[in-house]
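> Okay, so here is coords.pdb, and as you'll see once you scroll down, it has PDB, C-alpha atoms and all ligand atoms.
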ATOM      1  CA  MET A   1      37.838 -64.321  -9.800
ATOM      2  CA  ARG A   2      41.355 -65.508 -10.694
ATOM      3  CA  HIS A   3      43.029 -65.906 -14.093
ATOM      4  CA  ARG A   4      46.412 -67.273 -15.137
ATOM      5  CA  ASN A   5      47.210 -64.359 -17.464
ATOM      6  CA  ALA A   6      45.821 -61.435 -19.498
ATOM      7  CA  LEU A   7      44.628 -63.691 -22.322
ATOM      8  CA  ALA A   8      41.736 -64.780 -20.096
ATOM      9  CA  LEU A   9      40.499 -61.180 -20.180
ATOM     10  CA  ILE A  10      39.901 -61.296 -23.950
ATOM     11  CA  GLY A  11      36.278 -61.759 -24.992
ATOM     12  CA  ASN A  12      33.228 -62.581 -22.886
ATOM     13  CA  THR A  13      32.478 -58.854 -22.724
ATOM     14  CA  PRO A  14      29.207 -57.693 -21.145
ATOM     15  CA  LEU A  15      26.198 -56.429 -23.072
ATOM     16  CA  LEU A  16      25.099 -52.986 -21.904
ATOM     17  CA  ALA A  17      21.583 -51.640 -22.454
ATOM     18  CA  LEU A  18      21.832 -48.087 -23.819
ATOM     19  CA  THR A  19      18.768 -46.894 -21.959
ATOM     20  CA  ARG A  20      19.128 -43.195 -22.795
ATOM     21  CA  LEU A  21      19.979 -43.531 -26.470
ATOM     22  CA  SER A  22      17.569 -46.322 -27.403
ATOM     23  CA  PRO A  23      14.433 -44.958 -29.118
ATOM     24  CA  PRO A  24      11.284 -45.435 -26.999
ATOM     25  CA  GLY A  25      10.113 -49.044 -26.829
ATOM     26  CA  SER A  26      13.376 -50.448 -28.200
ATOM     27  CA  THR A  27      16.611 -51.660 -26.610
ATOM     28  CA  ILE A  28      20.060 -51.188 -28.063
ATOM     29  CA  TRP A  29      22.447 -53.693 -26.500
ATOM     30  CA  ALA A  30      26.068 -52.661 -26.860
ATOM     31  CA  LYS A  31      28.849 -55.171 -26.359
ATOM     32  CA  ALA A  32      31.576 -53.494 -24.313
ATOM     33  CA  GLU A  33      34.594 -54.422 -26.436
ATOM     34  CA  PHE A  34      36.660 -51.578 -24.984
ATOM     35  CA  LEU A  35      37.006 -53.780 -21.879
ATOM     36  CA  ASN A  36      39.378 -56.143 -23.677
ATOM     37  CA  PRO A  37      42.934 -55.713 -22.292
ATOM     38  CA  GLY A  38      44.198 -54.068 -25.511
ATOM     39  CA  GLY A  39      41.221 -51.689 -25.371
ATOM     40  CA  SER A  40      39.404 -52.950 -28.452
ATOM     41  CA  ILE A  41      37.516 -55.692 -30.232
ATOM     42  CA  LYS A  42      40.686 -56.562 -32.161
ATOM     43  CA  ASP A  43      42.081 -58.481 -29.184
ATOM     44  CA  ARG A  44      39.762 -61.277 -30.280
ATOM     45  CA  PRO A  45      41.259 -61.906 -33.755
ATOM     46  CA  ALA A  46      44.755 -61.276 -32.380
ATOM     47  CA  LEU A  47      44.339 -64.148 -29.935
ATOM     48  CA  ALA A  48      42.561 -66.455 -32.401
ATOM     49  CA  ILE A  49      45.168 -65.916 -35.132
ATOM     50  CA  LEU A  50      48.253 -66.338 -32.960
ATOM     51  CA  ARG A  51      46.832 -69.366 -31.143
ATOM     52  CA  ALA A  52      46.023 -71.057 -34.462
ATOM     53  CA  ALA A  53      49.446 -70.153 -35.879
ATOM     54  CA  ARG A  54      51.217 -71.580 -32.839
ATOM     55  CA  ALA A  55      49.076 -74.742 -32.953
ATOM     56  CA  SER A  56      49.804 -75.309 -36.667
ATOM     57  CA  GLY A  57      53.514 -74.569 -36.293
ATOM     58  CA  GLN A  58      53.336 -71.590 -38.688
ATOM     59  CA  LEU A  59      54.491 -69.456 -35.764
ATOM     60  CA  ARG A  60      57.470 -70.886 -33.931
ATOM     61  CA  PRO A  61      58.088 -70.223 -30.217
ATOM     62  CA  GLY A  62      60.022 -66.975 -29.891
ATOM     63  CA  GLN A  63      59.616 -66.003 -33.578
ATOM     64  CA  ALA A  64      58.941 -62.315 -34.283
ATOM     65  CA  VAL A  65      55.415 -61.291 -35.345
ATOM     66  CA  VAL A  66      54.693 -58.418 -37.754
ATOM     67  CA  GLU A  67      51.454 -56.754 -38.855
ATOM     68  CA  MET A  68      50.067 -53.638 -40.457
ATOM     69  CA  SER A  69      47.615 -52.000 -38.069
ATOM     70  CA  SER A  70      45.681 -48.813 -37.520
ATOM     71  CA  GLY A  71      46.472 -49.380 -33.869
ATOM     72  CA  ASN A  72      43.851 -51.662 -32.434
ATOM     73  CA  MET A  73      44.988 -54.923 -34.012
ATOM     74  CA  GLY A  74      48.500 -53.919 -33.041
ATOM     75  CA  ALA A  75      47.461 -53.430 -29.412
ATOM     76  CA  GLY A  76      45.651 -56.783 -29.380
ATOM     77  CA  LEU A  77      48.690 -58.496 -30.868
ATOM     78  CA  ALA A  78      50.934 -56.726 -28.365
ATOM     79  CA  VAL A  79      48.926 -58.127 -25.465
ATOM     80  CA  VAL A  80      49.006 -61.643 -26.905
ATOM     81  CA  CYS A  81      52.682 -61.449 -27.944
ATOM     82  CA  ALA A  82      53.669 -60.260 -24.467
ATOM     83  CA  VAL A  83      51.993 -63.248 -22.857
ATOM     84  CA  LEU A  84      53.164 -65.807 -25.450
ATOM     85  CA  GLY A  85      56.715 -64.412 -25.581
ATOM     86  CA  HIS A  86      56.987 -63.008 -29.117
ATOM     87  CA  ARG A  87      58.616 -59.760 -30.267
ATOM     88  CA  LEU A  88      56.007 -57.662 -32.131
ATOM     89  CA  VAL A  89      56.633 -55.176 -34.939
ATOM     90  CA  VAL A  90      53.719 -53.023 -36.145
ATOM     91  CA  ALA A  91      53.755 -51.054 -39.396
ATOM     92  CA  MET A  92      51.373 -48.136 -38.951
ATOM     93  CA  SER A  93      50.358 -45.120 -40.997
ATOM     94  CA  ARG A  94      51.406 -41.779 -39.551
ATOM     95  CA  GLY A  95      47.757 -40.723 -39.942
ATOM     96  CA  ASN A  96      46.730 -42.672 -36.846
ATOM     97  CA  SER A  97      46.647 -40.914 -33.518
ATOM     98  CA  ALA A  98      49.806 -40.518 -31.420
ATOM     99  CA  GLU A  99      47.927 -42.124 -28.502
ATOM    100  CA  ARG A 100      47.824 -45.372 -30.481
ATOM    101  CA  VAL A 101      51.571 -45.290 -31.132
ATOM    102  CA  ARG A 102      52.242 -44.663 -27.442
ATOM    103  CA  MET A 103      49.984 -47.506 -26.377
ATOM    104  CA  LEU A 104      51.753 -49.953 -28.702
ATOM    105  CA  GLN A 105      55.160 -48.871 -27.502
ATOM    106  CA  SER A 106      54.031 -49.095 -23.883
ATOM    107  CA  LEU A 107      53.006 -52.704 -24.538
ATOM    108  CA  GLY A 108      56.501 -53.465 -25.803
ATOM    109  CA  ALA A 109      55.832 -53.370 -29.565
ATOM    110  CA  GLN A 110      58.204 -51.761 -32.055
ATOM    111  CA  VAL A 111      56.294 -49.313 -34.305
ATOM    112  CA  LEU A 112      57.368 -48.631 -37.902
ATOM    113  CA  LEU A 113      55.652 -45.340 -38.804
ATOM    114  CA  VAL A 114      54.797 -45.125 -42.514
ATOM    115  CA  ASP A 115      54.277 -41.781 -44.296
ATOM    116  CA  GLN A 116      50.751 -41.110 -45.564
ATOM    117  CA  VAL A 117      50.106 -41.293 -49.310
ATOM    118  CA  ASP A 118      46.928 -39.223 -49.643
ATOM    119  CA  GLY A 119      45.372 -39.116 -46.174
ATOM    120  CA  ALA A 120      45.680 -36.551 -43.401
ATOM    121  CA  PRO A 121      46.351 -36.854 -39.656
ATOM    122  CA  GLY A 122      43.355 -38.638 -38.095
ATOM    123  CA  GLN A 123      42.110 -39.699 -41.532
ATOM    124  CA  VAL A 124      43.737 -42.810 -42.965
ATOM    125  CA  THR A 125      42.915 -43.822 -46.550
ATOM    126  CA  GLY A 126      43.135 -47.097 -48.472
ATOM    127  CA  ALA A 127      46.370 -45.931 -50.103
ATOM    128  CA  ASP A 128      47.857 -45.191 -46.672
ATOM    129  CA  ILE A 129      46.948 -48.702 -45.540
ATOM    130  CA  ALA A 130      48.508 -50.218 -48.675
ATOM    131  CA  ALA A 131      51.776 -48.403 -47.947
ATOM    132  CA  ALA A 132      51.844 -49.675 -44.341
ATOM    133  CA  THR A 133      50.993 -53.206 -45.522
ATOM    134  CA  ALA A 134      53.929 -53.177 -47.942
ATOM    135  CA  GLN A 135      56.235 -52.254 -45.043
ATOM    136  CA  ALA A 136      54.901 -55.102 -42.894
ATOM    137  CA  MET A 137      55.361 -57.631 -45.705
ATOM    138  CA  ALA A 138      58.889 -56.427 -46.397
ATOM    139  CA  PHE A 139      59.767 -56.759 -42.714
ATOM    140  CA  ALA A 140      58.401 -60.327 -42.592
ATOM    141  CA  ARG A 141      60.446 -61.248 -45.662
ATOM    142  CA  ASP A 142      63.673 -59.668 -44.459
ATOM    143  CA  HIS A 143      63.481 -60.822 -40.825
ATOM    144  CA  ASP A 144      61.807 -64.242 -41.047
ATOM    145  CA  ALA A 145      58.886 -62.892 -39.019
ATOM    146  CA  TYR A 146      55.339 -64.301 -38.928
ATOM    147  CA  TYR A 147      53.083 -61.988 -40.959
ATOM    148  CA  VAL A 148      49.611 -61.859 -39.402
ATOM    149  CA  ASP A 149      47.780 -60.521 -42.494
ATOM    150  CA  GLN A 150      44.502 -59.794 -40.687
ATOM    151  CA  PHE A 151      42.615 -58.968 -43.893
ATOM    152  CA  ASN A 152      43.269 -62.402 -45.400
ATOM    153  CA  ASN A 153      43.688 -64.513 -42.272
ATOM    154  CA  PRO A 154      40.610 -66.721 -41.615
ATOM    155  CA  GLY A 155      41.198 -66.287 -37.873
ATOM    156  CA  SER A 156      39.745 -62.750 -38.163
ATOM    157  CA  ILE A 157      36.371 -64.272 -38.982
ATOM    158  CA  ALA A 158      36.661 -67.334 -36.741
ATOM    159  CA  ALA A 159      37.228 -65.196 -33.641
ATOM    160  CA  HIS A 160      33.794 -63.625 -34.082
ATOM    161  CA  GLU A 161      31.975 -66.628 -35.514
ATOM    162  CA  HIS A 162      32.961 -68.745 -32.523
ATOM    163  CA  GLY A 163      33.275 -65.959 -29.935
ATOM    164  CA  THR A 164      31.310 -62.737 -30.401
ATOM    165  CA  GLY A 165      28.296 -64.321 -32.126
ATOM    166  CA  PRO A 166      27.689 -67.128 -29.602
ATOM    167  CA  GLU A 167      28.300 -64.672 -26.728
ATOM    168  CA  ILE A 168      25.582 -62.373 -28.120
ATOM    169  CA  LEU A 169      23.170 -65.289 -28.448
ATOM    170  CA  ARG A 170      23.862 -66.395 -24.872
ATOM    171  CA  GLY A 171      23.610 -62.835 -23.535
ATOM    172  CA  THR A 172      20.240 -62.194 -25.155
ATOM    173  CA  ASP A 173      18.825 -65.725 -24.862
ATOM    174  CA  GLY A 174      18.718 -65.629 -28.644
ATOM    175  CA  ARG A 175      16.087 -62.850 -28.610
ATOM    176  CA  ILE A 176      17.602 -60.358 -31.018
ATOM    177  CA  ASP A 177      16.050 -58.641 -34.007
ATOM    178  CA  ALA A 178      19.111 -57.050 -35.574
ATOM    179  CA  PHE A 179      22.890 -56.782 -35.419
ATOM    180  CA  VAL A 180      24.807 -53.702 -36.551
ATOM    181  CA  ALA A 181      28.561 -53.301 -37.146
ATOM    182  CA  THR A 182      31.093 -51.218 -39.041
ATOM    183  CA  VAL A 183      33.463 -52.955 -41.440
ATOM    184  CA  GLY A 184      37.254 -52.854 -41.498
ATOM    185  CA  SER A 185      38.702 -56.290 -42.193
ATOM    186  CA  SER A 186      35.022 -57.393 -41.977
ATOM    187  CA  GLY A 187      35.870 -59.991 -39.325
ATOM    188  CA  THR A 188      33.414 -58.566 -36.795
ATOM    189  CA  PHE A 189      30.523 -58.280 -39.199
ATOM    190  CA  VAL A 190      31.018 -61.450 -41.238
ATOM    191  CA  GLY A 191      31.927 -63.736 -38.324
ATOM    192  CA  THR A 192      29.174 -62.488 -36.019
ATOM    193  CA  ALA A 193      26.518 -62.382 -38.754
ATOM    194  CA  ARG A 194      27.343 -65.945 -39.808
ATOM    195  CA  SER A 195      26.822 -67.127 -36.254
ATOM    196  CA  LEU A 196      23.607 -65.125 -35.696
ATOM    197  CA  LYS A 197      22.048 -66.124 -39.006
ATOM    198  CA  ARG A 198      22.818 -69.772 -38.294
ATOM    199  CA  HIS A 199      20.707 -69.318 -35.146
ATOM    200  CA  SER A 200      17.933 -67.479 -37.001
ATOM    201  CA  ALA A 201      17.870 -66.264 -40.582
ATOM    202  CA  ALA A 202      15.368 -63.610 -39.429
ATOM    203  CA  ILE A 203      18.026 -61.615 -37.546
ATOM    204  CA  ARG A 204      18.700 -58.551 -39.703
ATOM    205  CA  CYS A 205      22.407 -57.905 -40.076
ATOM    206  CA  VAL A 206      23.289 -54.346 -41.029
ATOM    207  CA  ALA A 207      26.764 -53.197 -42.053
ATOM    208  CA  VAL A 208      27.877 -49.613 -41.477
ATOM    209  CA  GLU A 209      30.094 -47.604 -43.832
ATOM    210  CA  PRO A 210      31.494 -44.084 -43.572
ATOM    211  CA  ALA A 211      29.425 -41.689 -45.701
ATOM    212  CA  GLY A 212      31.304 -41.075 -48.927
ATOM    213  CA  ALA A 213      33.342 -44.292 -48.678
ATOM    214  CA  GLN A 214      30.523 -46.736 -49.410
ATOM    215  CA  VAL A 215      32.255 -49.420 -51.438
ATOM    216  CA  LEU A 216      30.121 -52.219 -50.010
ATOM    217  CA  ALA A 217      27.104 -50.362 -51.406
ATOM    218  CA  GLY A 218      28.867 -50.363 -54.772
ATOM    219  CA  GLN A 219      29.486 -46.634 -54.780
ATOM    220  CA  ALA A 220      32.608 -44.766 -55.828
ATOM    221  CA  VAL A 221      34.680 -43.387 -52.959
ATOM    222  CA  VAL A 222      34.134 -39.624 -52.870
ATOM    223  CA  LYS A 223      35.383 -39.070 -49.313
ATOM    224  CA  PRO A 224      38.352 -41.347 -48.535
ATOM    225  CA  ARG A 225      39.161 -39.289 -45.434
ATOM    226  CA  HIS A 226      36.729 -39.881 -42.599
ATOM    227  CA  LEU A 227      36.720 -40.170 -38.822
ATOM    228  CA  LEU A 228      35.803 -43.840 -38.511
ATOM    229  CA  GLN A 229      39.368 -45.096 -37.952
ATOM    230  CA  GLY A 230      39.753 -48.833 -38.420
ATOM    231  CA  THR A 231      36.901 -49.026 -40.952
ATOM    232  CA  GLY A 232      35.949 -47.902 -44.456
ATOM    233  CA  TYR A 233      39.270 -48.355 -46.252
ATOM    234  CA  GLY A 234      37.786 -47.779 -49.705
ATOM    235  CA  SER A 235      38.004 -51.333 -50.997
ATOM    236  CA  VAL A 236      35.920 -54.435 -50.392
ATOM    237  CA  PRO A 237      37.742 -56.628 -47.820
ATOM    238  CA  PRO A 238      38.689 -60.126 -49.064
ATOM    239  CA  HIS A 239      36.415 -61.951 -46.592
ATOM    240  CA  TRP A 240      33.338 -59.812 -47.285
ATOM    241  CA  GLU A 241      30.150 -61.865 -47.779
ATOM    242  CA  PRO A 242      27.479 -59.625 -49.336
ATOM    243  CA  ALA A 243      24.705 -62.163 -48.716
ATOM    244  CA  LEU A 244      25.045 -61.662 -44.951
ATOM    245  CA  ALA A 245      24.191 -57.943 -45.118
ATOM    246  CA  ASP A 246      20.449 -57.300 -45.146
ATOM    247  CA  ALA A 247      21.149 -53.580 -45.380
ATOM    248  CA  LEU A 248      24.024 -51.106 -45.529
ATOM    249  CA  LEU A 249      23.890 -47.793 -43.682
ATOM    250  CA  ALA A 250      26.223 -44.848 -44.182
ATOM    251  CA  VAL A 251      27.137 -42.674 -41.186
ATOM    252  CA  SER A 252      28.666 -39.207 -41.571
ATOM    253  CA  ASP A 253      31.509 -37.739 -39.526
ATOM    254  CA  ASP A 254      29.064 -35.267 -37.959
ATOM    255  CA  GLU A 255      26.759 -38.082 -36.852
ATOM    256  CA  ALA A 256      29.698 -40.048 -35.417
ATOM    257  CA  LEU A 257      30.918 -36.971 -33.531
ATOM    258  CA  SER A 258      27.458 -36.306 -32.151
ATOM    259  CA  TYR A 259      26.926 -39.912 -31.014
ATOM    260  CA  LYS A 260      30.427 -40.136 -29.565
ATOM    261  CA  ARG A 261      29.567 -37.163 -27.389
ATOM    262  CA  ARG A 262      26.119 -38.472 -26.496
ATOM    263  CA  LEU A 263      27.486 -41.891 -25.502
ATOM    264  CA  ALA A 264      29.963 -40.195 -23.181
ATOM    265  CA  HIS A 265      27.627 -37.573 -21.722
ATOM    266  CA  GLU A 266      24.399 -39.569 -21.524
ATOM    267  CA  GLU A 267      25.576 -43.157 -21.034
ATOM    268  CA  GLY A 268      28.984 -42.635 -19.374
ATOM    269  CA  LEU A 269      30.714 -44.466 -22.219
ATOM    270  CA  HIS A 270      33.810 -42.767 -23.649
ATOM    271  CA  VAL A 271      34.245 -44.803 -26.846
ATOM    272  CA  GLY A 272      35.741 -44.353 -30.322
ATOM    273  CA  TYR A 273      34.161 -43.143 -33.558
ATOM    274  CA  SER A 274      33.288 -46.516 -35.060
ATOM    275  CA  ALA A 275      31.454 -47.427 -31.836
ATOM    276  CA  ALA A 276      29.567 -44.141 -32.093
ATOM    277  CA  ALA A 277      28.750 -44.823 -35.747
ATOM    278  CA  ASN A 278      27.420 -48.246 -34.775
ATOM    279  CA  VAL A 279      25.057 -46.764 -32.191
ATOM    280  CA  CYS A 280      23.948 -44.029 -34.592
ATOM    281  CA  ALA A 281      23.129 -46.711 -37.177
ATOM    282  CA  CYS A 282      21.181 -48.715 -34.562
ATOM    283  CA  VAL A 283      19.035 -45.670 -33.776
ATOM    284  CA  ARG A 284      18.386 -44.979 -37.452
ATOM    285  CA  LEU A 285      17.545 -48.634 -38.109
ATOM    286  CA  ILE A 286      15.048 -48.710 -35.241
ATOM    287  CA  GLU A 287      13.505 -45.364 -36.220
ATOM    288  CA  ALA A 288      13.051 -46.568 -39.799
ATOM    289  CA  GLY A 289      10.640 -49.216 -38.400
ATOM    290  CA  GLY A 290      10.006 -52.733 -39.642
ATOM    291  CA  LEU A 291      11.751 -54.607 -36.812
ATOM    292  CA  GLY A 292       8.512 -55.461 -34.998
ATOM    293  CA  PRO A 293       7.327 -54.410 -31.530
ATOM    294  CA  ALA A 294       9.931 -53.647 -28.811
ATOM    295  CA  PRO A 295      12.901 -54.431 -31.020
ATOM    296  CA  SER A 296      16.201 -55.562 -29.558
ATOM    297  CA  VAL A 297      19.254 -54.493 -31.571
ATOM    298  CA  VAL A 298      22.828 -55.532 -30.745
ATOM    299  CA  THR A 299      25.996 -53.723 -31.677
ATOM    300  CA  VAL A 300      29.622 -53.474 -30.561
ATOM    301  CA  LEU A 301      31.466 -50.628 -28.843
ATOM    302  CA  CYS A 302      34.664 -51.385 -30.769
ATOM    303  CA  ASP A 303      37.170 -49.424 -28.718
ATOM    304  CA  THR A 304      37.793 -46.876 -26.013
ATOM    305  CA  GLY A 305      37.757 -43.141 -26.726
ATOM    306  CA  LEU A 306      41.052 -42.826 -24.859
ATOM    307  CA  LYS A 307      42.840 -43.878 -28.065
ATOM    308  CA  TYR A 308      41.788 -40.705 -29.880
ATOM    309  CA  ALA A 309      43.295 -37.243 -29.667
TER     310      ALA A 309
HETATM  311  C1  LIG A 401      38.068 -48.868 -33.940
HETATM  312  C2  LIG A 401      37.711 -49.971 -34.885
HETATM  313  N1  LIG A 401      36.428 -50.149 -35.209
HETATM  314  C3  LIG A 401      36.041 -51.102 -36.070
HETATM  315  C4  LIG A 401      36.962 -51.954 -36.672
HETATM  316  C5  LIG A 401      36.490 -52.968 -37.692
HETATM  317  O1  LIG A 401      36.592 -54.283 -37.279
HETATM  318  P1  LIG A 401      36.782 -55.457 -38.314
HETATM  319  O2  LIG A 401      38.221 -55.434 -38.753
HETATM  320  O3  LIG A 401      36.471 -56.678 -37.529
HETATM  321  O4  LIG A 401      35.872 -55.253 -39.461
HETATM  322  C6  LIG A 401      38.314 -51.813 -36.351
HETATM  323  C7  LIG A 401      39.320 -52.661 -36.957
HETATM  324  O5  LIG A 401      40.508 -52.487 -36.810
HETATM  325  C8  LIG A 401      38.704 -50.799 -35.435
HETATM  326  O6  LIG A 401      39.988 -50.617 -35.111
END
Please rewrite the model in this file as structure tokens.
Ligand SMILES: Cc1ncc(COP(=O)(O)O)c(C=O)c1O

Amino acid sequence: MRHRNALALIGNTPLLALTRLSPPGSTIWAKAEFLNPGGSIKDRPALAILRAARASGQLRPGQAVVEMSSGNMGAGLAVVCAVLGHRLVVAMSRGNSAERVRMLQSLGAQVLLVDQVDGAPGQVTGADIAAATAQAMAFARDHDAYYVDQFNNPGSIAAHEHGTGPEILRGTDGRIDAFVATVGSSGTFVGTARSLKRHSAAIRCVAVEPAGAQVLAGQAVVKPRHLLQGTGYGSVPPHWEPALADALLAVSDDEALSYKRRLAHEEGLHVGYSAAANVCACVRLIEAGGLGPAPSVVTVLCDTGLKYA
């Protein structure tokens, strides 16, 4: 197999059957998003957004690109910027792991580290994100840089609606009972669910929130600090479409830790906490019943565990 550059490695990830963790009679299919060159599912929106911006002229050749990121979007953008020839600046909360900073710098990005407001190392809150976002916007203004704005950019959804969703349908021959995903910008969940429900309204789409930060369920945030980095920021993302979510499940830090370990030790998959939360939610959904005989449930392994301390 030959490719012209690293952009060809983004997307078209394989679906893995989690044979050890799937409850008897069911199959959990996990899309191996950690295989993207930036190590996460966020390579997809990074490519979709920058391609669209270049095509529309919003992003000029050689113009600097800036974004707020918990690390993964930054890494995806770094891969795409390297290939397309843009300087990348990433504003990032100090609460994210040092591994993420190192990866961004290794990919040639400049990282602006932003002090935490009310979070703690490894636990980034909505207020921390707001502070990093303000830095990114200020940089764009002062340096005539293209501001990616992943939370408001329609490319975050389009990447999954036209990529992840159709790939899942092709990979399963359309035989899928449910789809499960955590929510950060909501691009993964909203884009993929739109595509799956267009194929069949019967596919149950289940969104996952960190326990104690269940804003999509309409609850007050009682635990803004949680382990599911990249998700659960304590406010409803702008692109959220409540009608797409047939159910919302909350996953605790302890459950995510336990599933992270089980995925590594029993399936050979060293992935991050949101991936672990996704698989935990799949198991709970299947065990709750109601999906019919021999259910097939699809989720995403959002990123590699190598990004975490
Ligand atoms: C590790 C991880 N999991 C899940 C998500 C959520 O993805 P989305 O922004 O598509 O909702 C992100 C987003 O940055 C992430 O970094």
> Starting from the PyMOL selection byres (((not hetatm)) within 9 of (chain A and resi 401)), expand the selection into actual residues of this file and give them as an MDAnalysis selection string.
chainID A and resid 40:42 45 69:74 150:151 156:157 160 181:191 228:232 237 272:275 300:304
> Would you compute an axis-aligned box for stretch 131-139 of chain A, covering every atom listed for it in the file with 3 Å of margin on each side, and report centre and edge lengths in Å to one decimal as lines of an AutoDock Vina configuration file?

center_x = 55.4
center_y = -53.0
center_z = -45.3
size_x = 14.8
size_y = 15.2
size_z = 11.2
> What separation in Å, quoted to one decimal, exists between atom CA of A:Val124 and atom CA of A:Ala138?
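Taking atom CA of A:Val124 and atom CA of A:Ala138, their separation equals 20.7 Å.
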> For a quick check of understanding, using only C-alpha atoms, which of A:Ala98, A:Ala193, A:Val180, A:Val65 has the smallest distance to A:Tyr147?
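Counting only C-alpha atoms, the residue closest to A:Tyr147 is A:Val65.
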> Per residue of stretch 237-294 of chain A within 9 Å of stretch 170-179 of chain A, note the shortest atom pair and the distance in Å to one decimal, counting only C-alpha atoms, and order the rows by chain and increasing residue number, as a Markdown table.

| residue | atom | partner | partner_atom | distance |
| --- | --- | --- | --- | --- |
| A:Cys282 | CA | A:Phe179 | CA | 8.3 |
| A:Leu285 | CA | A:Ala178 | CA | 8.9 |
| A:Leu291 | CA | A:Asp177 | CA | 6.5 |
| A:Gly292 | CA | A:Asp177 | CA | 8.2 |
> In Å, rounded to a single decimal, give me how far atom CA of A:Thr133 is from atom CA of A:Ala245.
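Atom CA of A:Thr133 lies at a distance of 27.2 Å from atom CA of A:Ala245.
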